[in-house]
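Student: Below are the structure tokens for one structure; questions will follow.
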Amino acid sequence: MPLGLIMAKIFVDNIEYEVPDGKNLLEVCLSLGFNLTYFCWHPAMHSVGACRQCGVINFKDENDKRGRLVMSCMQAATNGTRISIEDPRARAFRAGNIEALMLNHPHDCPVCDEGGECHLQDMTVMSGHNYRRNTFKKRTHYNQYLGPFINHEMNRCIQCYRCVRFYNDYAGGKDLAVFAAHDDVYFGRQEEGVLENEFSGNLVEVCPTGVFTDKVLRKHYTRKWDLTSAPSVCHQCSLGCNILTSERYGGIRRILTRYNGDVNGYFICDRGRFGYEYTNSDQRIKQPSKNTDNSSQPLSTEDALHDVKDSIFSKKNIIGIGSPRASLESNFMLKELVGENNFYGGIPKRESDLVHRVISILHQGKVKTPSLKEVESYDAILILGEDVTNTAPMLALAVRQAAKNQPREKAYALRIPQWDDAAVRESVQGQTGPVYLLTTHHTKLDEIATKAEYAAPDDIAITGFEIVQQITRLSQSANGDESSQSFTASVARDLLKAKKPLIISGTSLYNTAIIQAAANIAYSLKDNGKDAGLVYAVPEVNSMGMSMLEQKNLDDAIGRAKEGGVDAVIIAENDLYFRVDRDIANDFLKNCHHVLVLENLQNETTTKADYILPAGTFAESTGTVVNNEGRAQRFYQVYKPSNEMRSSWDWLNEIRNSISGVHAENFDAVVDEMIKKYPELAKVKSVAPDANFRKGTQKIPRETARYSGRTAMLANINVSEPKPPVDKDSPLSFTMEGYQGVPPSPDVPFFWSPGWNSVQSINRYQTEVGGALHGGNPGVRLLEPSNENKSGYFNQSTEKFSRREGEWLVIPFYHIYGSDELSVKGPALAERIPPVYIAMNGKDLEKGNLKDGDHIEITFNQNKLSISVKSENTLPEGIAGLPKGFKETTGIEFPFWGRIRKV
Amino acid sequence: MSVVFSEKKLNRVKELVSHYPDGKQKSALIPVLHLAQEENDGWLSVEWMDYVAGLLQMTPIEVYEVATFYSMLNTKPIGRYVFEVCQTGPCMIKGSDDIIAYIGEKLGIKPGETTKDGMFTLKKVECLGACGYAPMMQLGKNYREHLTKEKVDAIIEECRKEARQIKEN
């Protein structure tokens with residue numbers, strides 16, 4: 001428990017415990033490991049005292065034999081508090097309460113998706129209620145269509161109100177509400193339709209029963225106990241949220257939040273939760289193959305390695321192209337295989353420079369970059385040029401929580417406890433603290449912004465530099481211009497007033513000056529004695545990790561190939577057509593003469609490959625990725641595929657073995673090699689336990705103790721049960737046997753505890769409710785600013801944006817569903833991709849005699865794109881916005897100047 | 001179909017909003033919904049609720065939440081006479097279940113429904129604060145207390161008579 005915390009002695013059933021003073025009794029009892037039933041309380045959303053399920057008897061003192069019934073979630077644990085959980089009156093109350101909650105609950109557990117991991121089931125059993133006395137008819141409701149992600153079954157509702165508290169109060173949703181009263185209470189939308197909020201998937205975990213369930217899981221449903229699961233890291237943006245990935249019958253079935261008290265806490269976004277379907281796509285590459293223009297010949301692994309040795313490694317100049325979506329280990333092995341001078345990062349110079357800039361600021365700068373969870377503790381925020389809801393969704397959720405901090409101080413000053421959610425919210429009245437946005441156009445966070453301004457990318461940077469000047473001015477003159485209402489003055493004033501100001505920016509606009517301006521603001525706050533923070537969102541899951549290994553970028557490789565300096569290329573998990581213009585990619589691959597691609601899905605690059613090796617996605621691979629914070633995190637292979645898919649580093653290791661006889665024994669050996677060569681990555685070794693880690697003598701099972709069908713599931717192939725596959729790369733096993741307790745925090749494959757089958761069992765994996773996991777939260781930060789760093793400020797090198805006659809500066813617009821390369825290849829997520837458009841200011845449209853929906857043709861370089869226009873009046877004139885990563889816009893390098901004409 | 005308040009009613013809305021601090025105009029929702037209900041034969045159509053949402057700068061869904069919660073706000077058309085029979089504890093002990101069943105049987109409707117001729121609506125409501133006179137119901141602006149089957153018959157007849165008179169005049 002943290003130092004400096006005031007402790008209180010409390011008595012639970014006459015046994016003394018020392019607990020943090022002032023926390024609510026329910027939280028305290030759960031932290032102490034008691035089985036106490038609850039519904040409406042949620043560790044991230046705290047207490048409202050609505051469901052009456054956590055009743056305990058509270059005694060005045062040791063002479064009080066009678067006591068009184070209290071709701072433990074609404075009562076603070078203070079010195080001398082005496083309660084009884086086991087008192088027969090308390091037990092009877094809880095059983096009676098659940099009987100009432102169950103009056104209308106259908107007995108449909110066998111056909112309910114929640115069955116087997118249902119908090120309501122767990123609590124009913126725990127309370128002792130087991131016989132239904134009510135003989136009346138149950139009330140029934142109509143269900144709603146809520147979109148491709150969430151299934152609705154209102155009859156199961158027990159009115160705990162968690163869903164609306166999460167969806168509206170926590171996540172800022174607007175289209176889920178509670179209607180009617182009494183036994184007719186209904187949680188749903190005003191009419192059928194897609195639940196719009198980016199975090200709607202969390203309802204699946206927040207709902208204590210089966211009202212909101214995972215519709216994507218439903219397509220290939222498996223009970224929790226039949227899933228093989230592994231700790232994993234979401235690959236769909238740069239934040240690296242921790243996830244649990246689960247498999248059955250060789251396909252990924254679902255993704256759940258893996259609690260990490262430093263990163264994503266209890267939640268993940270819908271792109272992360274539902275964006276895995278590409279792993280099951282029929283576009284998956286499952287077999288090595290040899291390809292010519294019109295034929296594809298499958299190869300065995302041995303033949304493939306042999307052929308690759310003969311026809312690729314017989315060439316002189318072999319280069320490797322890494323990838324920001326491949327692990328550190330895969331990028332490293334590729335670099336080893338082709339040699340330092342022949343390894344190129346898989347991103348164009350423009351992006352590469354930005355990521356390197358971010359790394360150097362986080363490393364040599366003087367301001368700390370907080371973890372995602374720490375973002376929630378800041379009390380004033382400025383966002384520069386980043387549409388975080390779409391580029392790093394969970395960061396937007398964290399900002400929404402941080403925005404509540406300043407107004408809440410007033411509630412705390414009234415001595416309302418932090419956990420008393422209803423009272424805190426009543427006192428705050430929906431106010432938000434200082435959140436300033438400086439973006440290119442209207443973004444979703446505008447709704448909580450103190451002020452939002454829109455400007456061209458360069459002008460965002462210039463305003464950023466002006467804010468630095470304002471900060472200096474305000475701090476130097478005691479009676480500076482306090483009255484100015486200008487944007488920069490208000491920002492500077494509120495950042496200086498805050499206890500912990502936070503600057504958020506990112507690479508999404510491909511503008512170095514914005515990144516530098518953000519750093520300057522954070523530096524100047526730090527120089528004024530502020531505990532400032534600085535967060536950058538970067539493009540992809542391992543952009544940071546790859547760039548740590550990368551000295552040369554994709555443009556360098558393209559240049560070299562053009563000059564004839566390349567005889568063969570090895571591309572690891574990278575679709576070049578997603579990175580650069582079609583013609584450039586075509587020319588490059590032609591100039592490379594021989595192409596070997598390691599890839600998980602068929603794409604344009606694989607159509608040009610001579611050899612393809614099937615690389616695993618995050619589900620079939622083990623590796624380390626580095627998130628935007630510089631936190632290295634391990635993800636594990638979930639299952640052993642029946643085909644040849646495996647980690648890219650594993651393939652590259654085999655290739656190296658076949659050509660030079662050097663072979664790394666397993667994953668750990670690769671990591672050892674890597675940190676030997678790159679001592680700055682030494683901490684990667686301590687991200688998670690080695691493969692030889694054992695609890696006692698046991699490995700950690702990926703399958704639950706109740707896993708069923710093991711002897712039968714492959715009987716169609718062979719009636720003898722096969723030997724379970726061996727995992728040489730991790731301390732996890734692919735079986736149900738092994739250590740049954742709480743594993744080391746990076747290696748938790750699922751959450752379960754006796755009596756706690758639902759996700760609520762997370763309580764048993766934490767040192768205290770809502771705190772760190774046992775043994776510390778997973779992940780190791782590779783980049784820390786040092787206090788000796790006297791890094792200087794960046795000079796302002798940008799000029800004001802000036803529009804060009806007849807041309808538009810086209811900047812990227814991001815979409816949570818659509819801008820990510822792989823998640824869009826799953827059908828559920830694909831349903832949510834908006835139609836492609838080009839956004840322009842209404843005045844520009846008027847001038848061009850255009851209106852919403854008109855088709856235009858945009859010409860840039862040698863390319864033409866025909867597209868419908870959409871007015872976006874917050875976008876500055878002379879600038880157009882085009883969605884990034886859509887089918888129609890793939891490979892476009894932003895920003896660019898284009899000519900637009902009506903067709 | 002578009003619905004609007006008369007200027008007089010709009011002024012009343014303005015006045016109601018002025019009771020609350022700036023930016024808290026939502027607080028005037030319930031009295032404004034009552035105004036809207038008066039305009040629309042005692043019930044709130046989706047058009048009216050959306051109109052009120054616009055007036056008070058709320059999202060429609062927030063208005064629906066409130067309108068569906070209170071038994072005094074009707075989201076379906078109602079009859080000329082609405083029997084709001086209390087079903088809370090004391091009334092229930094004194095036989096409100098029988099009264100509700102009797103009214104329903106006599107009028108051929110279930111609670112929440114309106115007779116085909118548009119004359120009567122039967123509703124079950126929560127405590128109206130007249131437990132001493134249980135079982136009771138509200139009819140228009142009046143309480144009808146110590147209900148018995150005979151009293152119910154008389155009340156129904158009284159309503160019909162009144163309706164006939166109005167029609168004849």
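By convention here, the chains of the structure tokens are called A, B, ... in the order presented, each chain's residues are numbered starting at 1, and ligands are numbered starting at 1 in the order presented.
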I'd like the contact shell of segment 126-132 of chain B - 10 Å cut-off, only C-alpha atoms, skipping same-chain residues fewer than 5 positions apart - returned as a list in words.
Tutor: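 Result of the neighbour search: His182 of chain A; Tyr70, Ser71, Glu84, Val85, Cys86, Gln87, Thr88, Gly89, Pro90, Cys91, Lys94, Met137, Gln138, Tyr143, Arg144, Glu145 and His146 of chain B.
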Student: Which residues of chain B are close to chain A, meaning at most 6 Å apart when you count only C-alpha atoms, and how do they look as a PyMOL selection string?
Tutor: chain B and resi 61+65+68-69
Student: Those residues with all heavy atoms, as a JSON list (two decimals), in the first residue's frame please?
Tutor:
```json
[["chain", "number", "residue", "atom", "x", "y", "z"],
["B", 61, "ILE", "N", -33.68, 12.33, -26.64],
["B", 61, "ILE", "CA", -33.66, 11.14, -25.78],
["B", 61, "ILE", "C", -33.77, 11.51, -24.30],
["B", 61, "ILE", "O", -34.40, 10.82, -23.51],
["B", 61, "ILE", "CB", -32.39, 10.28, -26.07],
["B", 61, "ILE", "CG1", -32.56, 8.86, -25.54],
["B", 61, "ILE", "CG2", -31.15, 10.92, -25.54],
["B", 61, "ILE", "CD1", -31.46, 7.90, -25.96],
["B", 65, "GLU", "N", -36.70, 10.18, -21.68],
["B", 65, "GLU", "CA", -36.41, 9.57, -20.38],
["B", 65, "GLU", "C", -37.38, 10.08, -19.32],
["B", 65, "GLU", "O", -37.94, 9.32, -18.53],
["B", 65, "GLU", "CB", -34.98, 9.91, -19.94],
["B", 65, "GLU", "CG", -33.90, 9.07, -20.57],
["B", 65, "GLU", "CD", -32.54, 9.36, -19.96],
["B", 65, "GLU", "OE1", -32.04, 10.50, -20.08],
["B", 65, "GLU", "OE2", -31.98, 8.46, -19.34],
["B", 68, "THR", "N", -41.28, 9.28, -20.07],
["B", 68, "THR", "CA", -41.73, 7.91, -19.83],
["B", 68, "THR", "C", -41.70, 7.55, -18.35],
["B", 68, "THR", "O", -42.30, 6.57, -17.93],
["B", 68, "THR", "CB", -40.85, 6.89, -20.59],
["B", 68, "THR", "OG1", -39.48, 7.12, -20.25],
["B", 68, "THR", "CG2", -41.03, 7.01, -22.10],
["B", 69, "PHE", "N", -40.98, 8.35, -17.57],
["B", 69, "PHE", "CA", -40.82, 8.03, -16.15],
["B", 69, "PHE", "C", -42.07, 8.36, -15.34],
["B", 69, "PHE", "O", -42.51, 7.58, -14.51],
["B", 69, "PHE", "CB", -39.62, 8.79, -15.58],
["B", 69, "PHE", "CG", -39.36, 8.50, -14.13],
["B", 69, "PHE", "CD1", -38.61, 7.39, -13.77],
["B", 69, "PHE", "CD2", -39.86, 9.32, -13.12],
["B", 69, "PHE", "CE1", -38.37, 7.10, -12.44],
["B", 69, "PHE", "CE2", -39.62, 9.03, -11.79],
["B", 69, "PHE", "CZ", -38.87, 7.91, -11.44]]
```
Student: Quick one: residues within 12 Å of Pro501 of chain A, only C-alpha atoms, excluding same-chain residues fewer than 3 positions away - as number ranges by chain?
Tutor: A: 367-370, 374-383, 399, 402-403, 405-406, 433-436, 491-498, 504, 521-526, 528-535
Student: So how far away is atom CA of Val824 of chain A from atom CA of Ala880 of chain A, in Å?
Tutor: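 Taking atom CA of Ala880 of chain A and atom CA of Val824 of chain A, their separation equals 23.5 Å.
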Student: Would you kindly return, as number ranges by chain, each protein, DNA or RNA residue with an atom no farther than 8 Å from any atom of Val3 of chain B, considering only C-alpha atoms and excluding same-chain residues fewer than 5 positions away?
Tutor: B: 47-48, 51
Student: Which residue gives the smallest distance to Asp293 of chain A among A:Phe894, A:Tyr611, A:Tyr536, A:Phe813, with only C-alpha atoms counted?
Tutor: A:Tyr611
Student: Write out as an MDAnalysis selection string the residues lying within 7 Å of segment 770-783 of chain A, counting only C-alpha atoms and excluding same-chain residues fewer than 6 positions away.
Tutor: chainID A and resid 43 260:262 362:363 630:633 683 687 744:746
Student: Export all heavy atoms of the chosen residues as a short mmCIF file (atom, residue, chain, number, x, y, z; two decimals), in the first residue's frame?
Tutor:
```cif
data_model
loop_
_atom_site.label_atom_id
_atom_site.label_comp_id
_atom_site.auth_asym_id
_atom_site.auth_seq_id
_atom_site.Cartn_x
_atom_site.Cartn_y
_atom_site.Cartn_z
N PRO A 43 -15.69 -0.77 -9.91
CA PRO A 43 -14.44 -0.15 -9.43
C PRO A 43 -14.06 1.15 -10.15
O PRO A 43 -13.38 1.99 -9.57
CB PRO A 43 -13.40 -1.25 -9.65
CG PRO A 43 -14.06 -2.29 -10.50
CD PRO A 43 -15.51 -2.17 -10.25
N ASN A 260 -4.94 -3.43 -16.75
CA ASN A 260 -3.59 -2.98 -16.45
C ASN A 260 -3.74 -1.61 -15.80
O ASN A 260 -4.18 -0.66 -16.44
CB ASN A 260 -2.74 -2.88 -17.72
CG ASN A 260 -1.30 -2.49 -17.43
OD1 ASN A 260 -1.03 -1.75 -16.46
ND2 ASN A 260 -0.36 -2.96 -18.23
N GLY A 261 -3.42 -1.55 -14.52
CA GLY A 261 -3.63 -0.32 -13.74
C GLY A 261 -2.80 0.85 -14.22
O GLY A 261 -3.03 1.99 -13.80
N ASP A 262 -1.83 0.60 -15.11
CA ASP A 262 -1.02 1.70 -15.65
C ASP A 262 -1.45 2.09 -17.05
O ASP A 262 -1.10 3.17 -17.51
CB ASP A 262 0.47 1.30 -15.71
CG ASP A 262 1.11 1.37 -14.34
OD1 ASP A 262 0.52 2.00 -13.45
OD2 ASP A 262 2.19 0.79 -14.18
N LEU A 362 10.95 12.34 -25.71
CA LEU A 362 10.62 11.57 -24.51
C LEU A 362 11.88 11.13 -23.78
O LEU A 362 11.88 10.91 -22.57
CB LEU A 362 9.79 10.33 -24.87
CG LEU A 362 8.44 10.56 -25.53
CD1 LEU A 362 7.62 9.28 -25.54
CD2 LEU A 362 7.66 11.66 -24.84
N HIS A 363 12.96 11.00 -24.52
CA HIS A 363 14.19 10.47 -23.94
C HIS A 363 15.10 11.59 -23.44
O HIS A 363 15.62 11.54 -22.33
CB HIS A 363 14.90 9.65 -25.02
CG HIS A 363 15.97 8.79 -24.48
ND1 HIS A 363 15.80 8.05 -23.33
CD2 HIS A 363 17.22 8.54 -24.92
CE1 HIS A 363 16.92 7.39 -23.08
NE2 HIS A 363 17.79 7.67 -24.02
N GLY A 630 6.41 4.62 -24.67
CA GLY A 630 7.73 4.00 -24.57
C GLY A 630 7.69 2.78 -23.67
O GLY A 630 8.71 2.32 -23.18
N ARG A 631 6.49 2.25 -23.45
CA ARG A 631 6.32 1.08 -22.58
C ARG A 631 6.40 -0.19 -23.42
O ARG A 631 5.62 -0.38 -24.34
CB ARG A 631 4.97 1.15 -21.88
CG ARG A 631 4.63 -0.06 -21.01
CD ARG A 631 3.24 0.06 -20.44
NE ARG A 631 3.15 1.18 -19.53
CZ ARG A 631 3.29 1.09 -18.21
NH1 ARG A 631 3.48 -0.08 -17.64
NH2 ARG A 631 3.22 2.15 -17.45
N ALA A 632 7.38 -1.02 -23.09
CA ALA A 632 7.51 -2.29 -23.79
C ALA A 632 6.56 -3.28 -23.14
O ALA A 632 6.52 -3.40 -21.92
CB ALA A 632 8.94 -2.80 -23.71
N GLN A 633 5.77 -3.98 -23.96
CA GLN A 633 4.80 -4.94 -23.44
C GLN A 633 4.84 -6.21 -24.26
O GLN A 633 5.01 -6.17 -25.47
CB GLN A 633 3.39 -4.35 -23.49
CG GLN A 633 3.26 -3.03 -22.75
CD GLN A 633 1.82 -2.58 -22.61
OE1 GLN A 633 1.21 -2.77 -21.58
NE2 GLN A 633 1.28 -1.99 -23.66
N LYS A 683 15.97 -3.36 -20.99
CA LYS A 683 14.81 -3.58 -20.11
C LYS A 683 13.76 -4.51 -20.71
O LYS A 683 12.89 -4.99 -20.00
CB LYS A 683 14.16 -2.24 -19.78
CG LYS A 683 14.94 -1.41 -18.77
CD LYS A 683 14.13 -0.15 -18.47
CE LYS A 683 14.92 0.83 -17.63
NZ LYS A 683 14.31 2.17 -17.74
N VAL A 687 10.41 -7.43 -19.21
CA VAL A 687 8.99 -7.14 -19.47
C VAL A 687 8.10 -8.26 -18.94
O VAL A 687 7.02 -8.02 -18.41
CB VAL A 687 8.77 -6.93 -20.99
CG1 VAL A 687 7.30 -6.99 -21.34
CG2 VAL A 687 9.36 -5.60 -21.41
N PRO A 744 2.14 -14.44 -12.59
CA PRO A 744 2.77 -13.12 -12.65
C PRO A 744 1.95 -12.20 -13.55
O PRO A 744 1.37 -12.67 -14.54
CB PRO A 744 4.13 -13.39 -13.28
CG PRO A 744 4.36 -14.85 -13.15
CD PRO A 744 3.03 -15.51 -13.05
N SER A 745 1.90 -10.92 -13.23
CA SER A 745 0.95 -10.03 -13.91
C SER A 745 1.07 -10.00 -15.44
O SER A 745 0.05 -9.87 -16.11
CB SER A 745 1.04 -8.62 -13.33
OG SER A 745 2.29 -8.06 -13.60
N PRO A 746 2.27 -10.11 -16.05
CA PRO A 746 2.27 -10.06 -17.53
C PRO A 746 1.73 -11.34 -18.15
O PRO A 746 1.51 -11.39 -19.35
CB PRO A 746 3.76 -9.89 -17.88
CG PRO A 746 4.45 -9.58 -16.61
CD PRO A 746 3.64 -10.17 -15.52
#
```
Student: Which value, in Å to one decimal, gives the distance between atom CA of Asn104 of chain A and atom CA of Cys54 of chain A?
Tutor: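 If I compute the distance from atom CA of Asn104 of chain A to atom CA of Cys54 of chain A, I get 20.3 Å.
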Student: Do you have the atom CA of Ile471 of chain A-atom CA of Lys366 of chain A distance handy?
Tutor: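 Between atom CA of Ile471 of chain A and atom CA of Lys366 of chain A the gap is 17.2 Å.
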Student: Residues near Gly853 of chain A, anyone? I mean within 7 Å using only C-alpha atoms, not counting same-chain ones fewer than 2 positions away, as JSON, numbers by chain.
Tutor: {"A": [851, 855, 868, 869, 870]}
Student: For the residues selected in the previous step, produce a file with C-alpha atoms as an mmCIF file, in the first residue's frame.
Tutor:
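The result, written out as selection_37.cif:
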```cif
data_model
loop_
_atom_site.group_PDB
_atom_site.id
_atom_site.type_symbol
_atom_site.label_atom_id
_atom_site.label_comp_id
_atom_site.auth_asym_id
_atom_site.auth_seq_id
_atom_site.Cartn_x
_atom_site.Cartn_y
_atom_site.Cartn_z
ATOM 1 C CA LYS A 851 -22.774 21.509 -52.544
ATOM 2 C CA HIS A 855 -18.746 14.629 -56.970
ATOM 3 C CA SER A 868 -18.059 13.229 -53.062
ATOM 4 C CA VAL A 869 -17.632 16.411 -51.051
ATOM 5 C CA LYS A 870 -18.861 17.063 -47.532
#
```
Student: B:Pro77, B:Asp22, B:Tyr64, B:Leu10: which is nearest Lys116 of chain B, counting only C-alpha atoms?
Tutor: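 Looking at the shortest contact to Lys116 of chain B, the residue is B:Pro77.
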Student: Please return, as JSON, numbers by chain, all residues of segment 48-297 of chain A that DSSP assigns to alpha helix (DSSP H) on the basis of the backbone.
Tutor: {"A": [88, 89, 90, 91, 92, 93, 94, 95, 96, 97, 98, 99, 100, 101, 119, 120, 121, 122, 123, 124, 125, 126, 127, 162, 163, 164, 203, 204, 205, 206, 215, 216, 217, 218, 270, 271, 272, 273, 274]}
Student: When you count only C-alpha atoms, which of these residues is closest to Tyr81 of chain B: B:Ser6, B:Thr115, B:Ser45, B:Ser27?
Tutor: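 Using only C-alpha atoms, Tyr81 of chain B sits closest to B:Thr115.
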Student: Would you kindly return, as a PyMOL selection string, each protein, DNA or RNA residue with an atom no farther than 6 Å from any atom of segment 569-579 of chain A, considering only C-alpha atoms and excluding same-chain residues fewer than 2 positions away?
Tutor: chain A and resi 318-323+582+592+595-599+605+890-891
Student: Could you write out that same residue set with C-alpha atoms as a tab-separated table (two decimals), in the first residue's frame?
Tutor:
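Generated output (part.tsv):
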```
chain	number	residue	atom	x	y	z
A	318	ILE	CA	19.60	-8.15	-49.91
A	319	ILE	CA	17.68	-5.56	-47.98
A	320	GLY	CA	15.01	-5.90	-45.29
A	321	ILE	CA	11.94	-3.76	-44.79
A	322	GLY	CA	10.66	-3.80	-41.24
A	323	SER	CA	7.25	-2.78	-40.00
A	582	ARG	CA	0.97	2.71	-55.97
A	592	CYS	CA	14.21	-5.11	-55.98
A	595	VAL	CA	10.75	-10.30	-53.22
A	596	LEU	CA	10.19	-12.36	-50.08
A	597	VAL	CA	7.23	-11.32	-47.97
A	598	LEU	CA	6.29	-12.47	-44.49
A	599	GLU	CA	2.69	-11.56	-44.08
A	605	THR	CA	2.48	-6.45	-51.72
A	890	THR	CA	-4.78	3.78	-49.24
A	891	GLY	CA	-1.14	4.62	-49.86
```
Student: Going by DSSP on the backbone, which bits of segment 270-420 of chain A are strand (DSSP E)? Write them as a list of chain:residue names, please.
Tutor: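 Taking segment 270-420 of chain A and keeping strand (DSSP E) gives A:Ser289, A:Lys290, A:Asn291, A:Thr292, A:Ser295, A:Ser296, A:Gln297, A:Pro298, A:Ile318, A:Ile319, A:Gly320, A:Ile321, A:Phe343, A:Tyr344, A:Ala380, A:Ile381, A:Leu382, A:Ile383, A:Leu384.
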